[in-house]
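Engineer: Got a structure for you, written out below as structure tokens; questions coming shortly.
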Amino acid sequence: MAQRAAKMGWKVFGTVTTVVTGIVARKAVTAIWTKATGKNPPSNAAAGSTTWVEAASWALVSGSAYGLARAVAQAKAAQTWRKAIGSLPPGLEEVS
């Protein structure tokens with residue numbers, strides 16, 4: 001029963017951490033894009049005002065930023081879990 005509660009706790013903690021980090025990353029990348037280009041990020045690649053270069057650039061920049069933010073968030077969440085609980089979260093193994 002304790003193992004099941006730990007798994008549920010980790011799922012909730014990891015999910016909340018990832019969602020919050022995604023929101024922060026989106027706001028940061030959008031602000032940087034707007035400041036660098038003077039325009040809002042493209043929201044619709046099919047729109048006539050969006051060039052393929054803009055759409056592809058936005059996809060690369062935002063996707064990379066979200067992926068990096070997610071990886072860092074998950075690592076930090078696991079580190080925090082380990083400090084609080086004394087072991088890695090359920091389902092994660094020590095890499096040697």
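A note on labels: chains of the structure tokens are A, B, ... as shown, every chain counts residues from 1, and ligands are counted from 1 in their shown order.
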Would you list the contacts of region 17-29 of chain A as a PyMOL selection string, taking every protein, DNA or RNA residue within 8 Å and counting only C-alpha atoms, but skipping same-chain residues closer than 3 positions in sequence?

Structural biologist: chain A and resi 13-14+32-33+61-62+65-66+69-70+73-74+77

Engineer: Keeping only N, CA and C atoms, take the residues you just selected and write them out as a compact mmCIF listing (two decimals), in the first residue's frame.

Structural biologist:
```
# COMPACT_ATOMS: atom_id res chain seq x y z
N PHE A 13 3.39 14.91 -8.07
CA PHE A 13 4.49 15.86 -7.90
C PHE A 13 5.21 16.10 -9.23
N GLY A 14 5.52 15.04 -9.95
CA GLY A 14 6.21 15.17 -11.23
C GLY A 14 5.38 15.89 -12.27
N ILE A 32 11.06 36.25 -25.26
CA ILE A 32 12.35 36.36 -25.96
C ILE A 32 12.11 36.49 -27.47
N TRP A 33 11.20 35.68 -28.01
CA TRP A 33 10.90 35.75 -29.44
C TRP A 33 10.38 37.13 -29.81
N VAL A 61 12.87 26.57 -31.95
CA VAL A 61 13.21 27.29 -30.72
C VAL A 61 12.30 26.86 -29.57
N SER A 62 11.00 26.88 -29.80
CA SER A 62 10.08 26.56 -28.71
C SER A 62 10.17 25.08 -28.32
N ALA A 65 13.35 24.57 -26.29
CA ALA A 65 13.21 25.17 -24.96
C ALA A 65 12.30 24.33 -24.06
N TYR A 66 11.17 23.87 -24.60
CA TYR A 66 10.25 23.06 -23.80
C TYR A 66 10.89 21.74 -23.40
N ALA A 69 13.52 22.44 -20.72
CA ALA A 69 12.85 22.80 -19.46
C ALA A 69 12.23 21.57 -18.80
N ARG A 70 11.63 20.70 -19.59
CA ARG A 70 11.02 19.49 -19.05
C ARG A 70 12.06 18.56 -18.43
N ALA A 73 13.30 20.13 -15.22
CA ALA A 73 12.25 20.05 -14.19
C ALA A 73 12.13 18.65 -13.61
N GLN A 74 12.17 17.64 -14.47
CA GLN A 74 12.05 16.27 -13.99
C GLN A 74 13.26 15.88 -13.14
N ALA A 77 12.89 17.69 -9.83
CA ALA A 77 11.81 17.09 -9.05
C ALA A 77 12.28 15.79 -8.41
```

Engineer: Got a sec to tell me which of chain A DSSP assigns to alpha helix (DSSP H), as an MDAnalysis selection string?

Structural biologist: chainID A and resid 2:37 52:85

Engineer: Do a neighbour search on Gly91 (chain A) at 12 Å with only C-alpha atoms, toss out local chain neighbours closer than 3 positions, and write the hits as a count of residues only.

Structural biologist: 11

Engineer: Can you measure CA of Ile85 (chain A) to CA of Leu68 (chain A) for me? One decimal in Å is fine.

Structural biologist: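 Taking CA of Ile85 (chain A) as the start and CA of Leu68 (chain A) as the end point, the length is 25.6 Å.
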
Engineer: Quick one: pull the distance between CA of Asn40 (chain A) and CA of Gly67 (chain A), Å, one decimal.

Structural biologist: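 It comes out at 21.0 Å.
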
Engineer: In Å to one decimal, how far is CA of Ala31 (chain A) from CA of Ala75 (chain A)?

Structural biologist: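 The value is 25.0 Å.
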
Engineer: Mind checking which residues fall within 8 Å of region 42-49 of chain A, counting only C-alpha atoms, ignoring those fewer than 4 positions away in the same chain, and posting them as a PyMOL selection string?

Structural biologist: chain A and resi 54-55+58
